[in-house]
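For reference, structure-v6.cif is printed below; it contains mmCIF, C-alpha atoms and all ligand atoms.
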data_work
loop_
_atom_site.label_atom_id
_atom_site.label_comp_id
_atom_site.auth_asym_id
_atom_site.auth_seq_id
_atom_site.Cartn_x
_atom_site.Cartn_y
_atom_site.Cartn_z
CA TYR J 64 -131.84 72.88 -17.97
CA LEU J 65 -128.14 72.72 -18.71
CA PHE J 66 -127.57 75.04 -15.75
CA LEU J 67 -129.75 72.87 -13.49
CA ASP J 68 -127.86 69.77 -14.63
CA CYS J 69 -124.59 71.41 -13.72
CA VAL J 70 -125.95 72.33 -10.27
CA LEU J 71 -127.15 68.75 -9.81
CA VAL J 72 -123.78 67.29 -10.79
CA LEU J 73 -122.06 69.68 -8.43
CA CYS J 74 -124.48 68.76 -5.62
CA LEU J 75 -123.85 65.06 -6.23
CA GLN J 76 -120.12 65.60 -6.24
CA TRP J 77 -120.45 67.57 -3.04
CA THR J 78 -122.58 64.98 -1.23
CA GLU J 79 -120.22 62.18 -2.24
CA MET J 80 -117.11 64.15 -1.39
CA LYS J 81 -115.39 63.29 1.86
CA VAL J 82 -115.33 66.37 4.06
CA ASN J 83 -112.32 66.99 6.30
CA ASN J 84 -113.31 69.77 8.68
CA PHE J 85 -110.29 71.54 10.19
CA SER J 86 -112.18 74.62 11.42
CA ALA J 87 -110.88 76.57 14.40
CA GLY J 88 -114.18 76.54 16.26
CA PRO J 89 -117.01 75.73 16.15
CA SER J 90 -115.24 72.66 14.88
CA LYS J 91 -115.55 68.99 14.02
CA ILE J 92 -117.53 66.87 16.45
CA PRO J 93 -116.64 63.14 16.50
CA ASP J 94 -118.91 61.21 14.09
CA SER J 95 -120.19 58.85 16.77
CA VAL J 96 -121.24 61.85 18.88
CA VAL J 97 -123.09 63.44 15.96
CA ASN J 98 -124.92 60.14 15.38
CA GLN J 99 -125.92 59.82 19.03
CA VAL J 100 -127.01 63.47 19.22
CA SER J 101 -129.23 63.06 16.14
CA LYS J 102 -130.94 60.06 17.72
CA ASP J 103 -131.41 61.91 21.00
CA ILE J 104 -132.90 64.88 19.18
CA LEU J 105 -135.63 62.59 17.89
CA GLU J 106 -136.14 60.87 21.23
CA TYR J 107 -134.06 60.94 24.39
CA GLN J 108 -133.64 57.69 26.34
CA ASN J 109 -137.07 56.29 25.35
CA LEU J 110 -138.77 59.12 27.21
CA GLY J 111 -141.05 60.05 24.34
CA TYR J 112 -139.52 63.50 23.86
CA SER J 113 -136.46 65.18 22.42
CA VAL J 114 -133.29 66.14 24.29
CA LEU J 115 -134.07 69.65 23.01
CA GLU J 116 -137.17 69.73 25.21
CA ILE J 117 -135.68 68.81 28.57
CA SER J 118 -136.45 71.18 31.43
CA HIS J 119 -133.42 72.48 33.26
CA ARG J 120 -135.27 71.71 36.51
CA SER J 121 -135.92 68.07 35.63
CA LYS J 122 -134.20 65.02 37.11
CA VAL J 123 -133.10 64.14 33.57
CA PHE J 124 -131.13 67.35 33.22
CA GLU J 125 -129.77 67.16 36.77
CA GLU J 126 -128.35 63.79 35.84
CA ILE J 127 -126.73 65.20 32.67
CA LEU J 128 -125.20 68.03 34.67
CA SER J 129 -123.82 65.83 37.40
CA LYS J 130 -122.35 63.40 34.82
CA VAL J 131 -120.64 66.26 32.96
CA LYS J 132 -119.08 67.49 36.19
CA ALA J 133 -118.02 63.99 37.23
CA HIS J 134 -116.34 63.42 33.84
CA LEU J 135 -114.49 66.74 34.03
CA TYR J 136 -113.24 66.05 37.57
CA GLU J 137 -112.14 62.58 36.54
CA LEU J 138 -110.56 63.30 33.13
CA LEU J 139 -108.80 66.50 34.14
CA LYS J 140 -107.97 65.20 37.64
CA ILE J 141 -109.45 68.34 39.17
CA PRO J 142 -108.76 68.47 42.92
CA ASP J 143 -111.75 68.52 45.31
CA ASN J 144 -111.08 72.07 46.43
CA PHE J 145 -112.09 73.39 42.99
CA ASP J 146 -115.64 74.31 41.92
CA VAL J 147 -116.76 73.50 38.38
CA PHE J 148 -119.60 75.59 36.95
CA PHE J 149 -121.00 76.59 33.58
CA LEU J 150 -121.82 80.02 32.20
CA GLN J 151 -122.96 81.62 28.95
CA GLY J 152 -121.39 84.58 27.17
CA GLY J 153 -118.42 82.65 25.80
CA ALA J 154 -114.82 83.08 26.88
CA THR J 155 -115.22 86.80 26.19
CA PHE J 156 -117.67 87.21 29.08
CA GLN J 157 -114.89 86.03 31.41
CA ASN J 158 -113.09 89.32 30.68
CA THR J 159 -115.86 90.95 32.72
CA PHE J 160 -116.78 88.10 35.04
CA ILE J 161 -113.28 87.56 36.47
CA PRO J 162 -112.48 91.18 37.40
CA ALA J 163 -116.01 91.67 38.76
CA ASN J 164 -115.62 88.69 41.06
CA LYS J 165 -112.02 89.44 41.97
CA PRO J 166 -111.81 93.19 42.65
CA THR J 167 -108.43 92.92 44.37
CA LEU J 168 -106.82 91.18 41.40
CA ILE J 169 -105.61 94.39 39.80
CA ASP J 170 -103.01 94.96 42.52
CA ASN J 171 -101.75 91.44 42.30
CA LEU J 172 -101.68 90.42 38.64
CA ILE J 173 -99.18 90.00 35.84
CA PHE J 174 -100.39 89.39 32.32
CA LEU J 175 -98.37 87.31 29.89
CA ILE J 176 -99.66 88.31 26.46
CA SER J 177 -98.73 85.70 23.86
CA GLY J 178 -101.30 86.54 21.20
CA THR J 179 -104.57 88.13 20.16
CA TRP J 180 -106.88 86.58 22.78
CA GLY J 181 -104.62 87.45 25.68
CA LYS J 182 -104.37 90.99 24.37
CA LYS J 183 -108.16 91.33 24.15
CA THR J 184 -108.53 90.09 27.72
CA PHE J 185 -105.82 92.48 28.88
CA GLN J 186 -107.60 95.42 27.22
CA ASP J 187 -110.92 94.48 28.84
CA PHE J 188 -109.29 94.11 32.27
CA GLU J 189 -107.69 97.51 31.72
CA LYS J 190 -111.10 99.06 31.08
CA TYR J 191 -112.80 97.25 33.92
CA TYR J 192 -110.25 98.20 36.54
CA ASN J 193 -109.67 101.59 34.99
CA GLN J 194 -105.94 101.01 35.16
CA ASN J 195 -103.20 98.87 33.63
CA PRO J 196 -102.51 95.42 34.94
CA PHE J 197 -98.78 94.80 34.67
CA SER J 198 -98.16 93.06 31.35
CA ILE J 199 -95.24 91.18 29.85
CA PRO J 200 -95.22 90.66 26.09
CA PHE J 201 -94.30 87.16 24.99
CA ASN J 202 -90.90 86.92 23.32
CA HIS J 203 -89.50 83.48 22.63
CA GLU J 204 -85.93 84.77 22.30
CA THR J 205 -85.94 86.12 25.84
CA TYR J 206 -88.29 83.55 27.35
CA ASP J 207 -85.83 82.44 30.04
CA GLU J 208 -85.43 86.04 31.10
CA LEU J 209 -89.21 86.42 31.10
CA ILE J 210 -89.56 83.42 33.42
CA THR J 211 -86.95 84.92 35.77
CA ASN J 212 -88.72 88.29 35.77
CA VAL J 213 -92.07 86.68 36.47
CA TYR J 214 -90.47 84.65 39.24
CA LYS J 215 -88.92 87.70 40.88
CA SER J 216 -92.07 89.83 40.71
CA ASP J 217 -94.23 90.37 43.81
CA GLU J 218 -97.62 89.76 42.20
CA LYS J 219 -99.40 86.60 43.30
CA TYR J 220 -101.33 85.86 40.08
CA LEU J 221 -100.23 85.34 36.49
CA TYR J 222 -102.69 85.39 33.60
CA ILE J 223 -101.88 83.28 30.52
CA THR J 224 -103.65 81.99 27.42
CA SER J 225 -102.43 78.39 27.26
CA ASN J 226 -103.10 78.25 23.53
CA GLU J 227 -103.34 81.29 21.30
CA THR J 228 -105.75 80.02 18.67
CA ILE J 229 -104.91 82.62 16.03
CA GLU J 230 -101.09 82.67 16.21
CA GLY J 231 -100.71 78.95 17.07
CA ILE J 232 -98.62 79.59 20.19
CA GLN J 233 -99.01 77.13 23.07
CA ILE J 234 -97.55 77.36 26.57
CA ARG J 235 -97.67 73.80 27.90
CA ASN J 236 -95.28 74.03 30.83
CA PHE J 237 -97.13 75.66 33.73
CA ASN J 238 -94.43 74.53 36.18
CA ASN J 239 -92.16 77.29 34.87
CA PHE J 240 -94.32 79.67 36.87
CA ASP J 241 -94.58 77.64 40.03
CA ASN J 242 -94.38 80.56 42.45
CA LYS J 243 -97.45 82.16 40.83
CA GLU J 244 -101.12 81.25 40.94
CA LEU J 245 -102.30 80.92 37.34
CA ILE J 246 -105.48 82.18 35.71
CA ILE J 247 -105.70 80.41 32.37
CA ASP J 248 -107.80 80.89 29.25
CA MET J 249 -107.85 77.29 27.94
CA SER J 250 -110.50 77.84 25.29
CA SER J 251 -108.63 76.09 22.54
CA ASP J 252 -106.78 73.34 24.39
CA ILE J 253 -108.85 72.27 27.39
CA CYS J 254 -109.17 68.49 27.59
CA SER J 255 -106.42 67.94 25.03
CA TYR J 256 -103.67 67.04 27.55
CA VAL J 257 -103.16 66.28 31.21
CA PHE J 258 -101.77 68.99 33.49
CA ASP J 259 -101.00 69.62 37.14
CA TRP J 260 -103.33 71.86 39.18
CA LYS J 261 -100.62 72.65 41.75
CA ASN J 262 -100.30 76.36 40.88
CA ILE J 263 -103.66 77.03 39.24
CA SER J 264 -106.43 79.23 40.65
CA TYR J 265 -108.85 79.59 37.77
CA VAL J 266 -109.34 77.97 34.35
CA TYR J 267 -112.02 78.79 31.79
CA ALA J 268 -112.83 77.66 28.27
CA GLY J 269 -115.59 77.98 25.71
CA ALA J 270 -116.81 74.51 24.70
CA GLN J 271 -116.78 74.94 20.94
CA LYS J 272 -113.33 73.49 20.18
CA ASN J 273 -112.66 70.36 22.20
CA LEU J 274 -115.87 69.99 24.20
CA GLY J 275 -118.76 70.40 21.81
CA ILE J 276 -120.68 73.40 20.58
CA PRO J 277 -120.92 77.10 21.49
CA GLY J 278 -123.24 78.31 24.25
CA VAL J 279 -121.46 77.07 27.34
CA THR J 280 -118.26 78.14 29.07
CA ILE J 281 -116.54 75.79 31.52
CA CYS J 282 -115.26 77.58 34.65
CA ILE J 283 -113.04 75.84 37.18
CA SER J 284 -112.24 77.85 40.27
CA LYS J 285 -110.17 77.14 43.34
CA GLU J 286 -112.16 77.64 46.54
CA GLY J 287 -111.53 81.13 47.89
CA PHE J 288 -110.31 82.59 44.58
CA LEU J 289 -113.56 84.36 43.73
CA GLU J 290 -114.34 87.06 46.27
CA LYS J 291 -117.69 88.15 47.65
CA SER J 292 -118.78 91.51 46.27
CA ASN J 293 -122.08 93.24 45.75
CA LEU J 294 -122.81 92.31 42.13
CA THR J 295 -125.98 92.06 40.09
CA SER J 296 -127.31 88.52 40.08
CA TYR J 297 -126.06 86.91 36.84
CA ILE J 298 -122.56 88.24 37.16
CA ASP J 299 -122.14 87.06 40.76
CA ALA J 300 -120.13 83.82 40.65
CA HIS J 301 -121.52 82.61 43.96
CA ASN J 302 -125.04 82.35 42.54
CA HIS J 303 -123.81 79.94 39.87
CA ILE J 304 -121.68 77.89 42.24
CA ASP J 305 -124.34 77.72 44.97
CA LYS J 306 -127.14 76.83 42.53
CA ASN J 307 -125.09 74.20 40.70
CA SER J 308 -125.02 76.07 37.36
CA ALA J 309 -128.80 76.37 37.27
CA PHE J 310 -129.19 79.80 38.89
CA ASN J 311 -131.04 80.82 35.72
CA THR J 312 -131.80 78.72 32.63
CA PRO J 313 -128.52 77.14 31.55
CA PRO J 314 -127.77 76.19 27.90
CA THR J 315 -129.18 72.68 28.30
CA PHE J 316 -128.39 71.42 24.80
CA SER J 317 -124.77 72.64 24.80
CA ILE J 318 -124.25 70.98 28.19
CA TYR J 319 -125.80 67.75 26.92
CA VAL J 320 -123.50 67.79 23.83
CA MET J 321 -120.54 68.33 26.15
CA LEU J 322 -121.55 65.18 28.04
CA LYS J 323 -121.55 63.17 24.81
CA VAL J 324 -118.10 64.53 23.89
CA LEU J 325 -116.71 63.79 27.37
CA GLU J 326 -118.08 60.23 27.16
CA TRP J 327 -116.37 59.92 23.79
CA ILE J 328 -113.05 61.08 25.32
CA ALA J 329 -113.40 58.56 28.16
CA ASP J 330 -114.30 55.75 25.70
CA SER J 331 -111.37 56.69 23.46
CA GLY J 332 -108.91 55.86 26.24
CA GLY J 333 -109.05 59.03 28.34
CA LEU J 334 -106.96 62.14 28.27
CA GLU J 335 -103.56 60.41 28.23
CA LYS J 336 -104.49 58.64 24.99
CA ILE J 337 -106.00 61.80 23.50
CA GLN J 338 -102.84 63.72 24.44
CA LEU J 339 -100.65 61.12 22.75
CA ASP J 340 -102.79 61.14 19.59
CA ASN J 341 -102.76 64.94 19.47
CA SER J 342 -98.98 65.05 19.67
CA ILE J 343 -98.59 62.36 16.98
CA LYS J 344 -100.96 64.20 14.61
CA ALA J 345 -99.30 67.58 15.22
CA GLU J 346 -95.74 66.26 14.99
CA THR J 347 -96.58 64.41 11.74
CA LEU J 348 -97.74 67.64 10.14
CA TYR J 349 -94.89 69.78 11.57
CA LYS J 350 -92.37 67.18 10.34
CA PHE J 351 -93.75 67.41 6.82
CA LEU J 352 -93.64 71.22 6.93
CA ASP J 353 -90.07 71.22 8.32
CA GLU J 354 -88.93 68.76 5.67
CA ASN J 355 -90.21 71.18 3.06
CA SER J 356 -88.97 74.35 4.72
CA GLU J 357 -87.97 75.87 1.38
CA LYS J 358 -91.71 76.06 0.59
CA PHE J 359 -93.24 76.97 3.95
CA ASN J 360 -92.88 79.68 6.58
CA LEU J 361 -93.49 78.66 10.17
CA SER J 362 -93.11 81.67 12.40
CA VAL J 363 -93.69 80.02 15.81
CA PRO J 364 -90.48 78.69 17.41
CA LYS J 365 -90.44 74.93 17.95
CA GLU J 366 -90.91 74.86 21.73
CA PHE J 367 -94.08 76.96 21.49
CA ARG J 368 -95.63 75.32 18.44
CA SER J 369 -99.24 74.59 19.20
CA TYR J 370 -100.57 71.06 18.95
CA SER J 371 -104.08 72.53 18.66
CA ASN J 372 -103.65 75.11 15.89
CA ILE J 373 -100.86 74.61 13.38
CA VAL J 374 -100.21 77.91 11.66
CA PHE J 375 -98.03 78.32 8.55
CA ASP J 376 -97.90 79.94 5.17
CA PHE J 377 -96.51 79.20 1.74
CA LYS J 378 -93.44 81.28 0.92
CA ASP J 379 -95.06 81.98 -2.42
CA SER J 380 -98.26 83.88 -1.55
CA LYS J 381 -99.91 82.83 -4.84
CA LEU J 382 -99.67 79.23 -3.67
CA THR J 383 -101.49 80.14 -0.44
CA SER J 384 -104.58 81.33 -2.28
CA ASN J 385 -104.43 78.45 -4.79
CA PHE J 386 -104.10 75.96 -1.96
CA LEU J 387 -106.98 77.44 0.03
CA GLN J 388 -109.27 77.54 -3.00
CA SER J 389 -108.41 74.00 -4.00
CA SER J 390 -108.92 72.85 -0.38
CA VAL J 391 -112.52 74.05 -0.40
CA ASN J 392 -113.11 72.32 -3.74
CA LYS J 393 -111.74 69.08 -2.32
CA GLY J 394 -113.69 69.18 0.94
CA PHE J 395 -110.91 70.39 3.26
CA LEU J 396 -112.74 72.98 5.31
CA GLY J 397 -111.65 75.76 7.65
CA LEU J 398 -108.00 75.90 6.60
CA ASN J 399 -107.71 79.62 6.07
CA GLY J 400 -105.73 81.49 8.73
CA HIS J 401 -107.57 83.99 10.92
CA ARG J 402 -108.57 87.07 8.90
CA SER J 403 -106.16 89.20 10.98
CA ILE J 404 -103.04 87.27 9.87
CA GLY J 405 -103.98 85.24 6.78
CA GLY J 406 -101.98 82.17 5.75
CA VAL J 407 -103.05 78.63 6.64
CA ARG J 408 -104.28 77.30 9.99
CA VAL J 409 -104.92 73.62 10.64
CA SER J 410 -106.95 73.10 13.78
CA ASN J 411 -105.93 69.76 15.21
CA TYR J 412 -108.49 69.31 17.97
CA ASN J 413 -109.32 66.00 19.65
CA SER J 414 -111.89 65.06 17.01
CA ILE J 415 -109.35 65.16 14.15
CA SER J 416 -108.13 61.70 13.18
CA ILE J 417 -104.64 60.78 12.00
CA GLU J 418 -106.22 59.77 8.66
CA MET J 419 -107.51 63.33 8.24
CA VAL J 420 -104.00 64.69 8.84
CA GLU J 421 -102.54 62.17 6.37
CA ASP J 422 -105.16 63.16 3.76
CA LEU J 423 -104.22 66.77 4.30
CA ILE J 424 -100.52 66.05 3.83
CA THR J 425 -101.29 64.24 0.58
CA HIS J 426 -103.28 67.27 -0.52
CA LEU J 427 -100.42 69.63 0.50
CA LYS J 428 -97.96 67.53 -1.51
CA GLY J 429 -99.75 68.71 -4.65
CA PHE J 430 -98.48 72.23 -3.92
CA ILE J 431 -94.77 71.66 -3.25
N1 LIG E 501 -109.91 82.83 23.95
C1 LIG E 501 -109.44 82.00 23.02
C2 LIG E 501 -108.11 81.31 23.25
C3 LIG E 501 -110.19 81.74 21.88
O1 LIG E 501 -109.72 80.90 20.95
C4 LIG E 501 -111.43 82.38 21.70
C5 LIG E 501 -112.31 82.11 20.49
N2 LIG E 501 -111.76 81.60 19.41
C6 LIG E 501 -111.87 83.26 22.69
C7 LIG E 501 -111.07 83.46 23.81
C8 LIG E 501 -113.18 83.97 22.57
O2 LIG E 501 -114.18 83.03 22.71
P1 LIG E 501 -115.73 83.35 22.58
O3 LIG E 501 -115.99 83.60 21.14
O4 LIG E 501 -116.36 82.09 23.09
O5 LIG E 501 -116.02 84.52 23.44
#

Give the structure from this file in structure tokens form.
Amino acid sequence: YLFLDCVLVLCLQWTEMKVNNFSAGPSKIPDSVVNQVSKDILEYQNLGYSVLEISHRSKVFEEILSKVKAHLYELLKIPDNFDVFFLQGGATFQNTFIPANKPTLIDNLIFLISGTWGKKTFQDFEKYYNQNPFSIPFNHETYDELITNVYKSDEKYLYITSNETIEGIQIRNFNNFDNKELIIDMSSDICSYVFDWKNISYVYAGAQKNLGIPGVTICISKEGFLEKSNLTSYIDAHNHIDKNSAFNTPPTFSIYVMLKVLEWIADSGGLEKIQLDNSIKAETLYKFLDENSEKFNLSVPKEFRSYSNIVFDFKDSKLTSNFLQSSVNKGFLGLNGHRSIGGVRVSNYNSISIEMVEDLITHLKGFI
């Protein structure tokens, strides 16, 4: 009985404890969205059935789909000559989907590898094409030289990962590469800032960081970028574009959740406001870490510090493990760095409030 009492006390403590979820993805969904989704799971729009039960061929789902697309065009200011479509298979499937639908890319592509995800994509492209795309490793010390080399090269396309989720490296200035057409993995920073489409050909992102839950990948393609080739049906981009993302059964629930998140972004003041909030939250945390630089290591140089994933470590490794353990006990979730590099990672996606960041700083203060 004593044991059961202890479990009960712990459960009570847990249920009363405020949870601050800083996970890298799947990640925190805004509270108002979670509330709306739970209502819609019980009954959607007074229809007498759950949002989980909607047919992908119904008018109800068609409406969800067209609203999601309209929000994306509007919030991201996507030009009309771009197609927006949704796939499954996560961002990783794009490593097969893009080369399959763009066979000529191999002769015309430079890869800027700034972290783990870019490297994985590079390796898959290498396998698919059975040869090396030309790659340039990211080096902040010679970044100006890198830009010049990219500029001078003959290749038409440049592949980048706008935000490397594991290392916390973000490339925000696409204009540096304005004589290239960009292919961008935006999985961890899509819809977190406004950008110019002037030199972009293709953008993709899994939804599970800023746009909801796993199961759906957002693909945004400039007309003419994807070529026609003789592919099996699911992998052929034209089937998905021509059939408005319902060539086969799409992930209806993930697309519906994305709609609720997009509505939340629009109601929160749109992307400009979200961008401002993201920079304030990130700069607040970076400032605290910089002010205590005798305690913390931040390996990413200032101009590439990610606003989406803030990666650092304690100089004293014992403090890292104490901090991470204590964080779990206090309801700060998902703060451990990726298993490949360790340390601490704070994912500062759109759903994270400034109060959550301030709570975290208060918690960090206990370790300096
Ligand atoms: N690219 C980036 C930048 C990512 O952060 C991730 C996942 N964290 C991926 C690709 C792989 O995504 P998925 O698991 O959806 O395939």

Per residue of region 199-221 of chain J within 10 Å of region 167-181 of chain J, record the nearest atom pair and its distance in Å to one decimal, counting all atoms listed in the file, with rows in chain order and ascending residue number, as CSV.
residue,atom,partner,partner_atom,distance
J:Ile199,CA,J:Leu175,CA,5.0
J:Pro200,CA,J:Ile176,CA,5.0
J:Phe201,CA,J:Ser177,CA,4.8
J:Asn202,CA,J:Ser177,CA,7.9
J:His203,CA,J:Ser177,CA,9.6
J:Leu209,CA,J:Leu175,CA,9.3
J:Val213,CA,J:Ile173,CA,7.9
J:Ser216,CA,J:Ile173,CA,8.6
J:Asp217,CA,J:Asn171,CA,7.7
J:Glu218,CA,J:Asn171,CA,4.5
J:Lys219,CA,J:Asn171,CA,5.5
J:Tyr220,CA,J:Leu172,CA,4.8
J:Leu221,CA,J:Ile173,CA,4.8

If you keep C-alpha atoms, can you produce a file of those selected residues as a tab-separated table (two decimals), in the frame of the given file?
chain	number	residue	atom	x	y	z
J	199	ILE	CA	-95.24	91.18	29.85
J	200	PRO	CA	-95.22	90.66	26.09
J	201	PHE	CA	-94.30	87.16	24.99
J	202	ASN	CA	-90.90	86.92	23.32
J	203	HIS	CA	-89.50	83.48	22.63
J	209	LEU	CA	-89.21	86.42	31.10
J	213	VAL	CA	-92.07	86.68	36.47
J	216	SER	CA	-92.07	89.83	40.71
J	217	ASP	CA	-94.23	90.37	43.81
J	218	GLU	CA	-97.62	89.76	42.20
J	219	LYS	CA	-99.40	86.60	43.30
J	220	TYR	CA	-101.33	85.86	40.08
J	221	LEU	CA	-100.23	85.34	36.49

Using 10 Å as the limit and counting only C-alpha atoms, can you tabulate each residue of region 146-205 of chain J that touches region 309-330 of chain J, with its shortest atom-to-atom distance in Å and the two atoms involved, as a Markdown table?
| residue | atom | partner | partner_atom | distance |
| --- | --- | --- | --- | --- |
| J:Phe148 | CA | J:Ala309 | CA | 9.2 |
| J:Phe149 | CA | J:Pro313 | CA | 7.8 |
| J:Leu150 | CA | J:Pro313 | CA | 7.3 |
| J:Gln151 | CA | J:Pro314 | CA | 7.3 |

Pick from J:Ser86, J:Asn164, J:Ser292, J:Ser198: nearest to Gly397 (chain J), with all atoms listed in the file counted?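 So, comparing all the options, the nearest one is J:Ser86.
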
- Item | Sel. within 12 Å of pt (-95.1, 69.1, 10.7), counting only C-alpha atoms, output as number ranges by chain | J: 342-356, 359-361, 365, 368-370, 372-375, 409, 411, 420-421, 423-424, 427

Dump as CSV the rows for residues of chain J within 8 Å of ligand LIG 501 (chain E): closest atom pair and distance in Å with one decimal, all atoms listed in the file counted, ordered by chain and rising residue number.
residue,atom,partner,partner_atom,distance
J:Ala87,CA,E:LIG501,N2,7.2
J:Gly88,CA,E:LIG501,N2,6.4
J:Gly152,CA,E:LIG501,O5,6.5
J:Gly153,CA,E:LIG501,O4,3.4
J:Ala154,CA,E:LIG501,O5,3.9
J:Thr155,CA,E:LIG501,O5,3.7
J:Phe156,CA,E:LIG501,O5,6.5
J:Trp180,CA,E:LIG501,N1,5.0
J:Gly181,CA,E:LIG501,N1,7.2
J:Thr224,CA,E:LIG501,C2,6.1
J:Ser225,CA,E:LIG501,C2,7.5
J:Asn226,CA,E:LIG501,C2,5.9
J:Glu227,CA,E:LIG501,C2,5.2
J:Thr228,CA,E:LIG501,O1,4.7
J:Ile229,CA,E:LIG501,O1,7.1
J:Asp248,CA,E:LIG501,C2,6.0
J:Met249,CA,E:LIG501,C2,6.2
J:Ser250,CA,E:LIG501,C2,4.7
J:Ser251,CA,E:LIG501,O1,5.2
J:Ala268,CA,E:LIG501,N1,7.3
J:Gly269,CA,E:LIG501,O4,4.9
J:Ala270,CA,E:LIG501,O4,7.8
J:Gln271,CA,E:LIG501,O4,7.5
J:Pro277,CA,E:LIG501,O4,6.9
J:Gly278,CA,E:LIG501,O4,7.9
J:Thr280,CA,E:LIG501,O4,7.4

So, counting only C-alpha atoms, which residue among J:Ile223, J:Ala163, J:Val257, J:Ile417 is closest to Leu289 (chain J)?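 Going through J:Ile223, J:Ala163, J:Val257, J:Ile417 one by one, the smallest distance to Leu289 (chain J) is for J:Ala163.
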
Problem set entry | Close residues, Ile92 (chain J) itself excluded, 9 Å, all atoms listed in the file, min 4 positions apart in chain, as a ChimeraX atom specification | /J:96-97,272-276,324,413-415

Written selection (C-alpha atoms) as a short mmCIF file (atom, residue, chain, number, x, y, z; two decimals), in the coordinates of the input:
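Okay, selection24.cif is ready:
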data_model
loop_
_atom_site.label_atom_id
_atom_site.label_comp_id
_atom_site.auth_asym_id
_atom_site.auth_seq_id
_atom_site.Cartn_x
_atom_site.Cartn_y
_atom_site.Cartn_z
CA VAL J 96 -121.24 61.85 18.88
CA VAL J 97 -123.09 63.44 15.96
CA LYS J 272 -113.33 73.49 20.18
CA ASN J 273 -112.66 70.36 22.20
CA LEU J 274 -115.87 69.99 24.20
CA GLY J 275 -118.76 70.40 21.81
CA ILE J 276 -120.68 73.40 20.58
CA VAL J 324 -118.10 64.53 23.89
CA ASN J 413 -109.32 66.00 19.65
CA SER J 414 -111.89 65.06 17.01
CA ILE J 415 -109.35 65.16 14.15
#

Separation of CA of Tyr256 (chain J) from CA of Leu334 (chain J) in Å: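 Spanning CA of Leu334 (chain J) to CA of Tyr256 (chain J) is a straight-line distance of 5.9 Å.
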
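For the pair CA of Tyr214 (chain J) and CA of Asp143 (chain J), the separation is 27.4 Å.
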
In Å to one decimal, how far is CA of Asp259 (chain J) from CA of Glu335 (chain J)?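 Computing it gives 13.1 Å between the two atoms.
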
Discussion item. Under the rule that only C-alpha atoms are counted, which of J:Ser380, J:Gln388, J:Asn144, J:Gln338 is the nearest residue to Phe288 (chain J)?
Written reply: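 Of J:Ser380, J:Gln388, J:Asn144, J:Gln338, the one nearest Phe288 (chain J) is J:Asn144, counting only C-alpha atoms.
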